[in-house]
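Next up, my_file-v6.cif (mmCIF, C-alpha atoms):
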data_entry
#
loop_
_atom_site.label_atom_id
_atom_site.label_comp_id
_atom_site.auth_asym_id
_atom_site.auth_seq_id
_atom_site.Cartn_x
_atom_site.Cartn_y
_atom_site.Cartn_z
CA MET A 1 -0.95 -0.70 -25.33
CA PRO A 2 -2.44 -3.09 -22.73
CA ASP A 3 -5.87 -2.19 -21.38
CA TYR A 4 -6.67 -2.33 -17.66
CA SER A 5 -9.58 -1.25 -15.47
CA THR A 6 -7.60 0.43 -12.64
CA LEU A 7 -4.45 1.73 -14.31
CA SER A 8 -2.70 2.40 -17.57
CA ILE A 9 0.87 1.94 -18.76
CA ARG A 10 2.56 3.35 -21.83
CA PRO A 11 5.90 4.79 -22.95
CA ASP A 12 6.44 8.43 -22.06
CA GLU A 13 6.01 10.63 -25.12
CA ARG A 14 9.13 12.61 -24.19
CA ASN A 15 11.37 9.57 -23.83
CA PRO A 16 10.30 6.10 -25.07
CA ARG A 17 12.83 4.47 -22.71
CA ILE A 18 10.63 5.55 -19.79
CA ALA A 19 7.28 3.83 -19.13
CA ARG A 20 4.52 5.56 -17.15
CA LEU A 21 2.33 3.36 -14.96
CA LEU A 22 -0.64 5.49 -13.91
CA LEU A 23 -2.91 4.35 -11.06
CA ASN A 24 -6.19 5.56 -12.48
CA ARG A 25 -9.09 5.62 -10.01
CA PRO A 26 -8.96 9.34 -9.23
CA GLU A 27 -12.58 9.45 -8.03
CA LYS A 28 -11.49 7.03 -5.25
CA LEU A 29 -8.06 8.62 -4.65
CA ASN A 30 -6.68 5.65 -6.62
CA ALA A 31 -7.75 3.29 -3.83
CA ILE A 32 -6.87 -0.38 -4.17
CA ASN A 33 -9.68 -2.74 -5.16
CA ASP A 34 -9.49 -6.46 -5.95
CA ALA A 35 -8.29 -5.83 -9.50
CA MET A 36 -5.49 -3.31 -8.93
CA PRO A 37 -2.78 -5.59 -7.45
CA ARG A 38 -3.17 -8.10 -10.31
CA GLU A 39 -3.08 -5.31 -12.88
CA ILE A 40 0.09 -3.83 -11.37
CA ARG A 41 1.77 -7.21 -11.80
CA ALA A 42 0.47 -7.56 -15.37
CA ALA A 43 1.64 -4.05 -16.26
CA MET A 44 5.10 -4.79 -14.87
CA GLU A 45 5.29 -7.99 -16.90
CA TRP A 46 4.40 -6.01 -20.01
CA ALA A 47 7.00 -3.31 -19.30
CA ASN A 48 9.73 -5.84 -18.60
CA ALA A 49 8.98 -7.61 -21.89
CA GLU A 50 9.32 -4.37 -23.89
CA PRO A 51 12.96 -4.07 -24.98
CA ALA A 52 12.81 -0.30 -25.50
CA ILE A 53 11.84 0.43 -21.90
CA HIS A 54 14.62 0.93 -19.34
CA VAL A 55 12.83 2.46 -16.34
CA ILE A 56 9.24 2.62 -15.06
CA VAL A 57 7.64 5.60 -13.28
CA VAL A 58 4.63 4.83 -11.08
CA GLU A 59 2.24 7.73 -10.42
CA GLY A 60 -1.35 8.42 -9.44
CA ALA A 61 -4.06 10.24 -11.38
CA GLY A 62 -5.69 13.28 -9.82
CA LYS A 63 -4.95 14.67 -6.38
CA GLY A 64 -2.92 11.85 -4.90
CA PHE A 65 -0.80 8.77 -5.44
CA CYS A 66 -2.92 6.16 -3.62
CA GLY A 67 -5.13 6.40 -0.55
CA GLY A 68 -4.78 2.72 0.38
CA TYR A 69 -7.37 -0.04 0.18
CA ASP A 70 -10.87 0.98 -0.90
CA LEU A 71 -12.44 0.78 2.53
CA SER A 72 -15.90 1.60 1.22
CA LEU A 73 -15.62 -2.03 0.04
CA PHE A 74 -13.46 -3.72 2.67
CA GLY A 75 -14.17 -1.65 5.78
CA GLU A 76 -17.65 -0.16 5.73
CA GLY A 77 -19.45 -2.69 3.56
CA ASP A 78 -21.17 -5.90 4.64
CA ILE A 79 -19.42 -8.20 2.18
CA ASP A 80 -17.76 -11.41 3.33
CA HIS A 81 -14.28 -11.16 1.86
CA PRO A 82 -11.06 -13.15 2.28
CA CYS A 83 -9.38 -10.12 3.89
CA GLN A 84 -12.29 -9.43 6.27
CA GLN A 85 -14.34 -12.52 6.96
CA GLU A 86 -17.69 -12.07 8.64
CA ARG A 87 -18.31 -15.77 9.06
CA HIS A 88 -16.95 -17.52 12.13
CA PRO A 89 -14.49 -18.95 12.81
CA TRP A 90 -12.09 -16.79 10.85
CA ASP A 91 -9.96 -18.79 8.40
CA PRO A 92 -6.44 -17.34 8.75
CA MET A 93 -5.02 -19.32 5.84
CA GLU A 94 -7.66 -18.02 3.43
CA ASP A 95 -6.89 -14.50 4.65
CA TYR A 96 -3.13 -15.11 4.33
CA ALA A 97 -3.39 -16.51 0.81
CA PHE A 98 -5.36 -13.48 -0.39
CA MET A 99 -3.15 -10.86 1.24
CA LYS A 100 0.09 -12.66 0.35
CA ARG A 101 -0.97 -12.61 -3.28
CA ASN A 102 -1.56 -8.86 -3.07
CA THR A 103 1.86 -8.43 -1.44
CA ASP A 104 3.49 -10.47 -4.18
CA ASP A 105 1.69 -8.38 -6.80
CA PHE A 106 2.96 -5.13 -5.25
CA MET A 107 6.43 -6.67 -5.03
CA SER A 108 6.48 -7.07 -8.80
CA LEU A 109 7.66 -3.44 -8.70
CA TRP A 110 10.59 -4.52 -6.52
CA ARG A 111 11.36 -7.71 -8.48
CA SER A 112 11.23 -5.94 -11.85
CA ALA A 113 14.55 -6.15 -13.66
CA LYS A 114 13.97 -2.55 -14.70
CA PRO A 115 14.19 0.19 -12.05
CA THR A 116 10.96 1.65 -10.73
CA ILE A 117 10.40 5.19 -9.44
CA ALA A 118 7.38 6.24 -7.37
CA GLN A 119 6.27 9.80 -8.18
CA VAL A 120 4.18 10.84 -5.18
CA GLN A 121 1.88 13.82 -4.94
CA GLY A 122 -0.93 14.13 -2.43
CA ALA A 123 -1.09 10.99 -0.31
CA ALA A 124 0.60 7.58 -0.45
CA VAL A 125 -0.89 6.10 2.68
CA ALA A 126 -1.83 2.72 4.14
CA GLY A 127 -1.76 0.18 1.28
CA GLY A 128 -0.76 3.01 -1.04
CA SER A 129 2.49 3.37 0.87
CA ASP A 130 3.12 -0.34 0.22
CA ILE A 131 2.96 0.36 -3.51
CA ALA A 132 5.25 3.39 -3.24
CA LEU A 133 7.82 1.62 -1.05
CA CYS A 134 7.97 -1.42 -3.34
CA CYS A 135 9.39 0.91 -5.97
CA ASP A 136 13.17 1.24 -6.02
CA LEU A 137 13.22 5.01 -5.73
CA LEU A 138 10.83 7.56 -4.27
CA VAL A 139 10.44 11.19 -5.32
CA MET A 140 7.83 13.23 -3.46
CA ALA A 141 6.27 16.65 -3.55
CA ASP A 142 7.27 18.67 -0.49
CA ASP A 143 3.71 18.63 0.81
CA ALA A 144 2.90 15.02 -0.14
CA ARG A 145 2.19 12.59 2.70
CA ILE A 146 3.25 9.04 3.35
CA GLY A 147 2.47 6.74 6.26
CA TYR A 148 0.51 3.74 7.48
CA MET A 149 -2.23 4.98 9.79
CA PRO A 150 -3.87 1.53 10.20
CA THR A 151 -0.98 0.43 12.43
CA ARG A 152 -3.08 2.12 15.16
CA VAL A 153 -5.77 -0.50 14.59
CA TRP A 154 -6.87 -2.82 11.75
CA GLY A 155 -3.65 -3.20 9.80
CA CYS A 156 0.00 -4.24 9.53
CA PRO A 157 1.95 -3.28 6.36
CA THR A 158 2.33 -6.61 4.60
CA THR A 159 5.34 -5.61 2.48
CA ALA A 160 7.33 -4.88 5.68
CA MET A 161 9.30 -2.29 3.71
CA TRP A 162 9.44 0.43 6.38
CA THR A 163 12.36 -1.07 8.30
CA TYR A 164 14.34 -1.87 5.17
CA ARG A 165 13.84 1.65 3.82
CA LEU A 166 14.14 3.63 7.07
CA GLY A 167 15.97 1.54 9.65
CA PRO A 168 14.47 0.20 12.89
CA VAL A 169 14.24 3.38 14.98
CA ARG A 170 12.32 5.50 12.47
CA ALA A 171 10.22 2.50 11.40
CA LYS A 172 9.20 1.85 15.01
CA GLN A 173 8.24 5.49 15.44
CA LEU A 174 5.86 5.38 12.48
CA MET A 175 4.50 1.91 13.26
CA PHE A 176 3.85 2.78 16.93
CA THR A 177 2.11 6.07 16.16
CA GLY A 178 0.46 5.58 12.76
CA ASP A 179 1.69 9.07 11.93
CA VAL A 180 2.22 10.31 8.39
CA ILE A 181 5.19 12.40 7.31
CA ASP A 182 5.47 14.94 4.52
CA GLY A 183 7.84 14.81 1.59
CA ARG A 184 10.36 17.14 3.21
CA THR A 185 10.62 14.91 6.26
CA ALA A 186 10.74 11.77 4.14
CA ALA A 187 13.74 13.18 2.27
CA VAL A 188 15.52 14.21 5.48
CA TRP A 189 14.93 10.76 6.97
CA GLY A 190 16.25 9.06 3.82
CA LEU A 191 12.91 7.49 2.89
CA ALA A 192 12.54 9.63 -0.23
CA ASN A 193 15.39 10.23 -2.65
CA GLU A 194 14.21 13.79 -3.22
CA ALA A 195 11.39 16.16 -2.26
CA VAL A 196 10.56 19.15 -4.43
CA PRO A 197 7.75 21.70 -4.77
CA ALA A 198 4.66 20.08 -6.27
CA ASP A 199 4.92 22.06 -9.51
CA GLN A 200 8.46 20.72 -10.02
CA LEU A 201 7.70 17.07 -9.23
CA ASP A 202 7.25 15.80 -12.78
CA ALA A 203 10.39 17.59 -13.98
CA ALA A 204 12.45 16.15 -11.11
CA VAL A 205 11.23 12.63 -11.82
CA MET A 206 11.86 13.00 -15.55
CA LYS A 207 15.41 14.21 -14.88
CA LEU A 208 16.14 11.18 -12.70
CA ALA A 209 14.38 8.70 -14.99
CA THR A 210 16.13 10.07 -18.07
CA ARG A 211 19.52 9.71 -16.40
CA ILE A 212 18.76 6.10 -15.44
CA ALA A 213 17.28 5.31 -18.87
CA SER A 214 20.61 6.04 -20.56
CA VAL A 215 22.21 3.04 -18.80
CA PRO A 216 22.09 -0.37 -20.55
CA ARG A 217 19.25 -2.59 -19.33
CA SER A 218 21.62 -5.41 -18.38
CA HIS A 219 23.65 -3.14 -16.10
CA LEU A 220 20.54 -1.80 -14.40
CA ALA A 221 19.28 -5.34 -13.83
CA MET A 222 22.56 -6.53 -12.33
CA HIS A 223 22.93 -3.59 -9.96
CA LYS A 224 19.34 -3.96 -8.82
CA LEU A 225 19.78 -7.69 -8.20
CA VAL A 226 22.82 -7.04 -6.01
CA VAL A 227 20.99 -4.53 -3.81
CA ASN A 228 17.85 -6.67 -3.65
CA GLN A 229 19.94 -9.68 -2.65
CA VAL A 230 21.22 -7.75 0.38
CA MET A 231 17.62 -7.11 1.46
CA LEU A 232 16.74 -10.78 0.96
CA ALA A 233 19.76 -11.83 3.01
CA MET A 234 18.51 -9.52 5.78
CA GLY A 235 15.29 -11.54 5.88
CA LEU A 236 12.83 -9.55 3.78
CA GLU A 237 10.76 -12.57 2.72
CA GLN A 238 10.47 -13.84 6.30
CA SER A 239 9.48 -10.36 7.50
CA GLN A 240 6.75 -10.18 4.86
CA GLN A 241 5.41 -13.58 5.85
CA MET A 242 5.11 -12.52 9.49
CA ALA A 243 3.65 -9.12 8.59
CA THR A 244 1.00 -10.69 6.36
CA VAL A 245 -0.07 -13.11 9.09
CA PHE A 246 -0.19 -10.27 11.63
CA ASP A 247 -2.19 -8.11 9.22
CA GLY A 248 -4.95 -10.71 9.20
CA ILE A 249 -4.90 -10.93 12.99
CA THR A 250 -5.23 -7.14 13.37
CA ARG A 251 -8.41 -7.22 11.28
CA HIS A 252 -10.03 -10.09 13.19
CA ASN A 253 -8.93 -9.67 16.81
CA PRO A 254 -11.24 -7.80 19.24
CA GLU A 255 -9.77 -4.40 18.36
CA GLY A 256 -10.03 -5.03 14.64
CA LEU A 257 -13.62 -6.26 14.90
CA TRP A 258 -14.52 -3.20 16.97
CA PHE A 259 -13.09 -0.93 14.26
CA ARG A 260 -15.00 -2.72 11.50
CA ARG A 261 -18.29 -2.71 13.40
CA TYR A 262 -17.85 0.97 14.25
CA ALA A 263 -17.18 1.72 10.57
CA GLN A 264 -20.28 -0.23 9.56
CA GLU A 265 -22.44 1.54 12.13
CA GLN A 266 -21.08 5.09 12.04
CA GLY A 267 -19.40 5.22 8.63
CA PHE A 268 -15.75 4.82 7.78
CA LYS A 269 -14.94 8.53 8.11
CA ALA A 270 -16.06 8.48 11.74
CA ALA A 271 -14.01 5.33 12.39
CA VAL A 272 -10.93 6.90 10.83
CA GLN A 273 -11.38 10.07 12.86
CA TRP A 274 -11.37 8.00 16.06
CA ARG A 275 -8.42 5.91 14.90
CA ASP A 276 -6.25 8.85 13.87
CA GLY A 277 -7.36 11.37 16.48
CA GLY A 278 -5.21 10.05 19.30
CA GLU A 279 -8.00 8.92 21.62
CA PRO A 280 -7.51 5.50 23.26
CA ILE A 281 -8.77 2.68 21.05
CA PRO A 282 -10.97 0.08 22.79
CA GLU A 283 -9.13 -3.16 23.39
CA GLY A 284 -9.56 -6.57 24.95
CA ASP A 285 -12.74 -7.10 26.96
CA GLU A 286 -13.91 -3.53 26.33
CA ALA A 287 -13.64 -4.05 22.57
CA ARG A 288 -15.44 -7.40 22.80
CA ALA A 289 -18.32 -5.86 24.74
CA LEU A 290 -18.69 -3.01 22.26
CA VAL A 291 -18.64 -5.47 19.34
CA LEU A 292 -21.45 -7.48 20.92
CA GLU A 293 -23.49 -4.31 21.48
CA MET A 294 -23.06 -3.15 17.89
CA GLU A 295 -23.79 -6.60 16.48
CA ALA A 296 -26.99 -6.77 18.54
CA ARG A 297 -28.09 -3.39 17.17
CA ARG A 298 -27.33 -4.47 13.61
CA LYS A 299 -29.25 -7.71 14.09
CA ALA A 300 -32.23 -5.79 15.47
CA GLN A 301 -32.14 -3.62 12.36
CA GLY A 302 -32.09 -6.66 10.10
CA GLN A 303 -28.45 -6.20 9.09
CA THR A 304 -25.69 -8.78 9.01
CA PRO A 305 -23.79 -10.08 10.80
#

What does the file become when written as structure tokens?
Amino acid sequence: MPDYSTLSIRPDERNPRIARLLLNRPEKLNAINDAMPREIRAAMEWANAEPAIHVIVVEGAGKGFCGGYDLSLFGEGDIDHPCQQERHPWDPMEDYAFMKRNTDDFMSLWRSAKPTIAQVQGAAVAGGSDIALCCDLLVMADDARIGYMPTRVWGCPTTAMWTYRLGPVRAKQLMFTGDVIDGRTAAVWGLANEAVPADQLDAAVMKLATRIASVPRSHLAMHKLVVNQVMLAMGLEQSQQMATVFDGITRHNPEGLWFRRYAQEQGFKAAVQWRDGGEPIPEGDEARALVLEMEARRKAQGQTP
């Protein structure tokens, strides 16, 4: 079996036609670091090259599926990183190249000739929802949660999958509010194929995966290509390009810089509480003034920037 630092993949012991891709950073709620997107792509290449495998289940170790990007690295830390540049001026093309590569890595789940099923317990939020929604099918625990809270500030979902999976009205509701929905609601809205009690989640996914795995690989690949082609004709690639550019802007405009400085000064949990609590988020000149104040305090304390 291939060996990775953030995940594992192997045939299911109950049915060798089913592969299990396990996001495996449970101590970080399977948060995305620099290595995880590349390893997802590598794992999908391995699974697609294995003739015995017909379907791939993607799941998370521990309490949840994936809590998004590891913001102890990208949000609270002082590192200069392509997706959050501290130097000035911001280089949007460097940002775009980095985030577009991550998007393309997540989309290996969508491009895979073999069907992919996201098995979601706990939370699939922020960047974790990108991973889940790049899978072909989604099965959730009733009490699992999915959403993209950073649409409130400091993020735009680069895979742009919400509209294609939900339709424009529901997608706008979630993008405008940053709200999360539970598995029951996701199933009612048509985002999830099925929602079941948490203790029945694995059995439900195995039942679906086993049914799919009995179909010849060539038929699965053809049917998937037809459906994917419809999404491409609707403009999926162009939507992802725009979303990835906008994602970089949200992290470097006045509101995004305020959020990052607040996270650096007060801790990311405090920043998230403000973001998700419903209080107005500083914007424009107010955000700029607060950024300057926080940067002055950090400079006085010998911190950067």

>> Under the rule that all atoms listed in the file are counted, which of A:Asp179, A:Glu293, A:Asp136, A:Glu255 is the nearest residue to Asn193 in chain A?
In response: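 So, comparing all the options, the nearest one is A:Asp136.
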
>> Given the PyMOL selection byres ((chain A and resi 109-126) around 6) and the file above, list the residues it selects as a ChimeraX atom specification.
In response: /A:54-59,63-68,107-108,127-129,132,134-141,144-148,221

>> For a test of reading the model, state the distance in Å between CA of Ile281 in chain A and CA of Glu265 in chain A, rounded to one decimal.
In response: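 Spanning CA of Ile281 in chain A to CA of Glu265 in chain A is a straight-line distance of 16.4 Å.
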
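Picture a line from CA of Met231 in chain A to CA of Ile18 in chain A; it runs 25.7 Å.
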
> Separation of CA of Leu174 in chain A and CA of Leu191 in chain A, in Å?
Replying inline: 12.1 Å

> Which residue out of A:Ile9, A:Gly277, A:Arg14, A:Asp34 has the minimum interatomic distance to Trp46 in chain A when only C-alpha atoms are used?
Replying inline: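 Smallest distance to Trp46 in chain A is found for A:Ile9.
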
> From the list A:Leu292, A:Ala35, A:Met93, A:Met175, which residue is nearest Cys156 in chain A when using only C-alpha atoms?
Replying inline: A:Met175

>> I'd like to see the residues matched by the PyMOL selection byres ((chain A and resi 247) around 8) on this file, and ideally I'd get them as a count of residues only.
In response: 13

>> Just checking: using only C-alpha atoms, which residue out of A:Thr163, A:Pro51, A:Gly183, A:Ala31 ends up closest to Leu71 in chain A?
In response: A:Ala31

>> What would the selection look like, as number ranges by chain, if the PyMOL selection byres ((chain A and resi 267-275) around 12) were run on the coordinates I just shared?
In response: A: 70-78, 148-155, 177-179, 255-266, 276-282

>> Using all atoms listed in the file, which protein or nucleic acid residues come within 10 Å of Pro37 in chain A? Drop anything in the same chain fewer than 6 positions from it, and give the result as an MDAnalysis selection string.
In response: chainID A and resid 6 43 101:108 131

> Which residue gives the smallest distance to Leu7 in chain A among A:Asn48, A:Ser218, A:Thr210, A:Asn24, with all atoms listed in the file counted?
Replying inline: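 Residue with the minimum atom-to-atom distance to Leu7 in chain A: A:Asn24.
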
>> Which residue is closest to Leu232 in chain A? Choose from A:Asn30, A:Asp199, A:Met161, A:His81 and count all atoms listed in the file.
In response: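 Among the listed residues, A:Met161 lies closest to Leu232 in chain A.
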